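Visitor: Handing you a structure now.
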Amino acid sequence: MKLQRLTSLDVSILSAELDGLLRNSVIKDIVFKANDIYFLFSNLILRYFVFASSPYFLKGKYLPEGGRWLPDIINGKIERITQKESDRLILFEISVFDRLGGKKQFNLYFEFFHNGNIILTNKDDTIIKTLRRSKKRDTKYKIFTPKEFNILACKENHILNSREIEKLKTLKLLQYALIDNYGPRDLIKFIFEIKNNPSPHILKDVDEKICGYSIYGPPFNGNVSGQKTGSLIEALTLYLESKVSLYFARTPDFKKHLRKAETKLKTIQTRLEQASKFRQYRLYGELLLINIHKLRKGKKLVNLSNPYSKHNEPIEIPLNPAVTPEENVRYYFNKARKLETSIPILKEKLKEQKKEIERIKKSADSYISRDVIGQTGVRPKAVEKAKMPFKCYQLDGDWMVFVGRSALTNDELTFSFAKKDDIWFHAWQASGSHVVLRRPQKGAIPDKRTLHKAASLAAYFSKAKTSGKVAVIYTEVRYVRKIKKHPGKVTVAKEKQLIVEPAHPATLVKIKKLESRPE
């Protein structure tokens, strides 16, 4: 399927739109699923989508389940969004403030050429993380100036020559424009007018099917008509939704990938069945070794009695006539050893291949889902609500309690989500969840009953939950420090202690489990 790829002129307009939408906004979360990255900003969900080896930006419609990505820039502020080197490259300049008020600068690069990539660097462009690994093991991100003719690098009074005009046609910079109607002077003015005052359109063919997008208005080249959209991001979203639905409705690529994966699964199963015969080959080797004096070189087959059977039943053993009896013995022992050692490896491969088949099926389901590709005419499966990273409960009044689910979510709760004046709880000298009691407003002081309820939850969500009484420490979040390279482990200062009974959330008075993550 041929897709209309983003050009440098498209990226120029796209970067300007994003700068207007996202400047001074905060990155709430970043999650990934396959090669799709979802950026949750305070006013927009943005999706970096790679389809058929072509990268795009779309408007996100829901947050899927997936892994958290780029925790360094969570809660970071977007300072500026620009296009780099007039190429298909967008830079997000991000500022992150730590708990001590120190400011860190990060650069987030989005590549819209080749298969696309996302690169996170520090202020000096030292690479921290990438979406796709590069063959070149560079520690610094290098921005290369395009070698080919770049119209955006020209000045507005530049006069295009015939070679440059031909290059514009080859690069499809103005794919649907009537370039032949413009002279060399007028064409450059037309391009800069588009850049300064874009008019995004979604294009339809004679059958009223979406066939492309444009950053300028009519007239268009070919039998296409245009419908104006509010922004280029909106046009891209409509265009990709139509293409993805057609791709999965008409092309057999998904079935092809699934067939290949299932064929590979059968191959692994066959090899595992063969490997399970290692005892038989070891028996061949032992019988040949016992009867080595009876064997002669040149025999293709030998019948030997099996002393391990009940009635000394004869067994037929194939031989290689070109080698000596000793080499035949060595062959069977080596084969038995190799097959036996391959069994755990093949079992692991079998497990991974089954997971791969499930991943392919889920990937197809997620693309066909109405929430991802819009109205396709296909009835989608219900999209599960994204699992919250920690449990949330509401105590008396406006007091809320948050409980971590694992070592990683404990860190996220304490060092990313919690405010510095929230109250932190943990079972004393016992493994367990971090528990945070959020103040409803600044300076609010919890009563003794609220403190005991939060402490009872901390005792319950710990390995000391079966004890009659549990010591629980508590302090403000500002006095909790993370231990490097040990998820979930912390050091605590200015802590106090309560002795409480572990209590299940349902047994506590006036407690209500929340269904969504609070702001």
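Naming scheme: A, B, ... for chains in displayed order of the structure tokens; residues 1 onward per chain; ligands 1 onward as shown.
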Which residues are close to Lys104 (chain A), i.e. within 9 Å by only C-alpha atoms, leaving aside same-chain residues fewer than 6 positions away? Reply as a ChimeraX atom specification.
Guide: /A:94-98,122-123
Visitor: Which parts of region 305-488 of chain A does DSSP call alpha helix (DSSP H) when run on the backbone here, written out as a PDB file with C-alpha atoms, in the first residue's frame?
Guide:
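Result saved to selection-v2.pdb:
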```pdb
ATOM      1  CA  PRO A 325      32.391 -49.054  15.075  1.00  0.00           C
ATOM      2  CA  GLU A 326      34.008 -46.732  17.654  1.00  0.00           C
ATOM      3  CA  GLU A 327      32.977 -43.681  15.605  1.00  0.00           C
ATOM      4  CA  ASN A 328      29.402 -45.030  15.363  1.00  0.00           C
ATOM      5  CA  VAL A 329      29.330 -45.365  19.165  1.00  0.00           C
ATOM      6  CA  ARG A 330      30.658 -41.814  19.544  1.00  0.00           C
ATOM      7  CA  TYR A 331      28.044 -40.514  17.057  1.00  0.00           C
ATOM      8  CA  TYR A 332      25.082 -41.905  19.031  1.00  0.00           C
ATOM      9  CA  PHE A 333      26.388 -40.686  22.399  1.00  0.00           C
ATOM     10  CA  ASN A 334      27.019 -37.190  21.004  1.00  0.00           C
ATOM     11  CA  LYS A 335      23.599 -37.103  19.373  1.00  0.00           C
ATOM     12  CA  ALA A 336      21.884 -38.165  22.619  1.00  0.00           C
ATOM     13  CA  ARG A 337      23.776 -35.499  24.571  1.00  0.00           C
ATOM     14  CA  LYS A 338      22.936 -32.702  22.104  1.00  0.00           C
ATOM     15  CA  LEU A 339      19.254 -33.620  21.961  1.00  0.00           C
ATOM     16  CA  GLU A 340      18.987 -33.774  25.755  1.00  0.00           C
ATOM     17  CA  THR A 341      20.594 -30.334  26.212  1.00  0.00           C
ATOM     18  CA  SER A 342      18.381 -28.842  23.470  1.00  0.00           C
ATOM     19  CA  ILE A 343      15.108 -29.746  25.257  1.00  0.00           C
ATOM     20  CA  PRO A 344      15.015 -26.791  27.753  1.00  0.00           C
ATOM     21  CA  ILE A 345      16.070 -24.401  24.961  1.00  0.00           C
ATOM     22  CA  LEU A 346      13.324 -25.654  22.639  1.00  0.00           C
ATOM     23  CA  LYS A 347      10.741 -25.444  25.434  1.00  0.00           C
ATOM     24  CA  GLU A 348      11.675 -21.818  25.994  1.00  0.00           C
ATOM     25  CA  LYS A 349      11.459 -21.123  22.247  1.00  0.00           C
ATOM     26  CA  LEU A 350       8.075 -22.817  22.145  1.00  0.00           C
ATOM     27  CA  LYS A 351       6.837 -20.602  24.971  1.00  0.00           C
ATOM     28  CA  GLU A 352       8.160 -17.445  23.281  1.00  0.00           C
ATOM     29  CA  GLN A 353       6.642 -18.405  19.910  1.00  0.00           C
ATOM     30  CA  LYS A 354       3.221 -18.906  21.490  1.00  0.00           C
ATOM     31  CA  LYS A 355       3.559 -15.437  23.015  1.00  0.00           C
ATOM     32  CA  GLU A 356       4.510 -14.055  19.568  1.00  0.00           C
ATOM     33  CA  ILE A 357       1.352 -15.545  18.025  1.00  0.00           C
ATOM     34  CA  GLU A 358      -0.754 -13.981  20.781  1.00  0.00           C
ATOM     35  CA  ARG A 359       1.033 -10.658  20.243  1.00  0.00           C
ATOM     36  CA  ILE A 360       0.220 -10.718  16.506  1.00  0.00           C
ATOM     37  CA  LYS A 361      -3.438 -11.464  17.214  1.00  0.00           C
ATOM     38  CA  LYS A 362      -3.710  -8.739  19.865  1.00  0.00           C
ATOM     39  CA  SER A 363      -1.917  -6.258  17.613  1.00  0.00           C
ATOM     40  CA  ALA A 364      -4.451  -6.872  14.846  1.00  0.00           C
ATOM     41  CA  ASP A 365      -7.336  -6.538  17.290  1.00  0.00           C
ATOM     42  CA  SER A 366      -5.979  -3.239  18.619  1.00  0.00           C
ATOM     43  CA  TYR A 367      -5.669  -1.773  15.120  1.00  0.00           C
ATOM     44  CA  ILE A 368      -9.145  -2.885  14.131  1.00  0.00           C
ATOM     45  CA  ARG A 370     -12.884   1.538  16.747  1.00  0.00           C
ATOM     46  CA  ASP A 371     -11.065   3.578  19.395  1.00  0.00           C
ATOM     47  CA  VAL A 372      -7.828   3.340  17.417  1.00  0.00           C
ATOM     48  CA  ILE A 373      -8.863   3.642  13.776  1.00  0.00           C
ATOM     49  CA  ALA A 407       8.464  -2.032  43.576  1.00  0.00           C
ATOM     50  CA  LEU A 408       8.354   0.055  40.378  1.00  0.00           C
ATOM     51  CA  THR A 409       4.932   1.543  41.083  1.00  0.00           C
ATOM     52  CA  ASN A 410       6.056   2.238  44.666  1.00  0.00           C
ATOM     53  CA  ASP A 411       8.797   4.447  43.205  1.00  0.00           C
ATOM     54  CA  GLU A 412       6.332   6.087  40.821  1.00  0.00           C
ATOM     55  CA  LYS A 448      -5.780  10.447  64.715  1.00  0.00           C
ATOM     56  CA  ARG A 449      -8.504   8.240  63.199  1.00  0.00           C
ATOM     57  CA  THR A 450      -7.443   9.044  59.606  1.00  0.00           C
ATOM     58  CA  LEU A 451      -3.784   8.365  60.422  1.00  0.00           C
ATOM     59  CA  HIS A 452      -4.677   4.989  61.946  1.00  0.00           C
ATOM     60  CA  LYS A 453      -6.750   4.000  58.910  1.00  0.00           C
ATOM     61  CA  ALA A 454      -3.905   4.820  56.519  1.00  0.00           C
ATOM     62  CA  ALA A 455      -1.450   2.952  58.779  1.00  0.00           C
ATOM     63  CA  SER A 456      -3.789  -0.079  58.872  1.00  0.00           C
ATOM     64  CA  LEU A 457      -3.753  -0.159  55.058  1.00  0.00           C
ATOM     65  CA  ALA A 458       0.059   0.015  55.048  1.00  0.00           C
ATOM     66  CA  ALA A 459       0.142  -2.940  57.492  1.00  0.00           C
ATOM     67  CA  TYR A 460      -2.358  -4.918  55.388  1.00  0.00           C
TER      68      TYR A 460
END
```
Visitor: From the list A:Phe192, A:Phe51, A:Trp69, A:Tyr176, which residue is nearest Thr130 (chain A) when using only C-alpha atoms?
Guide: A:Trp69
Visitor: Calculated over only C-alpha atoms, which of the candidates A:Tyr56, A:Ser433, A:Leu70, A:Arg282 has the smallest distance to Leu238 (chain A)?
Guide: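 Residue with the minimum atom-to-atom distance to Leu238 (chain A): A:Tyr56.
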Visitor: Would you compute the distance between CA of Leu437 (chain A) and CA of Phe425 (chain A)? Give it in Å to one decimal.
Guide: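 These atoms are spaced 7.8 Å apart.
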Visitor: Rank A:Gly212, A:Gly20, A:Gly397, A:Gly183 by their smallest atom-to-atom distance to Arg5 (chain A), using only C-alpha atoms, and report the top residue only.
Guide: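 Of A:Gly212, A:Gly20, A:Gly397, A:Gly183, the one nearest Arg5 (chain A), counting only C-alpha atoms, is A:Gly212.
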Visitor: Measure the distance from CA of Leu40 (chain A) to CA of Lys28 (chain A) in Å and round it to one decimal.
Guide: 5.3 Å
Visitor: What does the distance between CA of Tyr479 (chain A) and CA of Ala493 (chain A) come to in Å, to one decimal place?
Guide: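 CA of Ala493 (chain A) lies at a distance of 5.3 Å from CA of Tyr479 (chain A).
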Visitor: Using only C-alpha atoms, find the one residue out of A:Val500, A:Leu168, A:Ile45, A:Leu14 that sits nearest to Ser199 (chain A).
Guide: A:Leu14
Visitor: Of the residues A:Arg185, A:Arg132, A:Lys59, A:Lys419, which is the one nearest to Pro440 (chain A), using only C-alpha atoms?
Guide: A:Lys419
Visitor: Would you please work out which residue, of A:Gln4, A:Ala430, A:Asp422, A:Gly60, is nearest to Ile445 (chain A) when using only C-alpha atoms?
Guide: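 When distances to Ile445 (chain A) are compared using only C-alpha atoms, the smallest one comes from A:Asp422.
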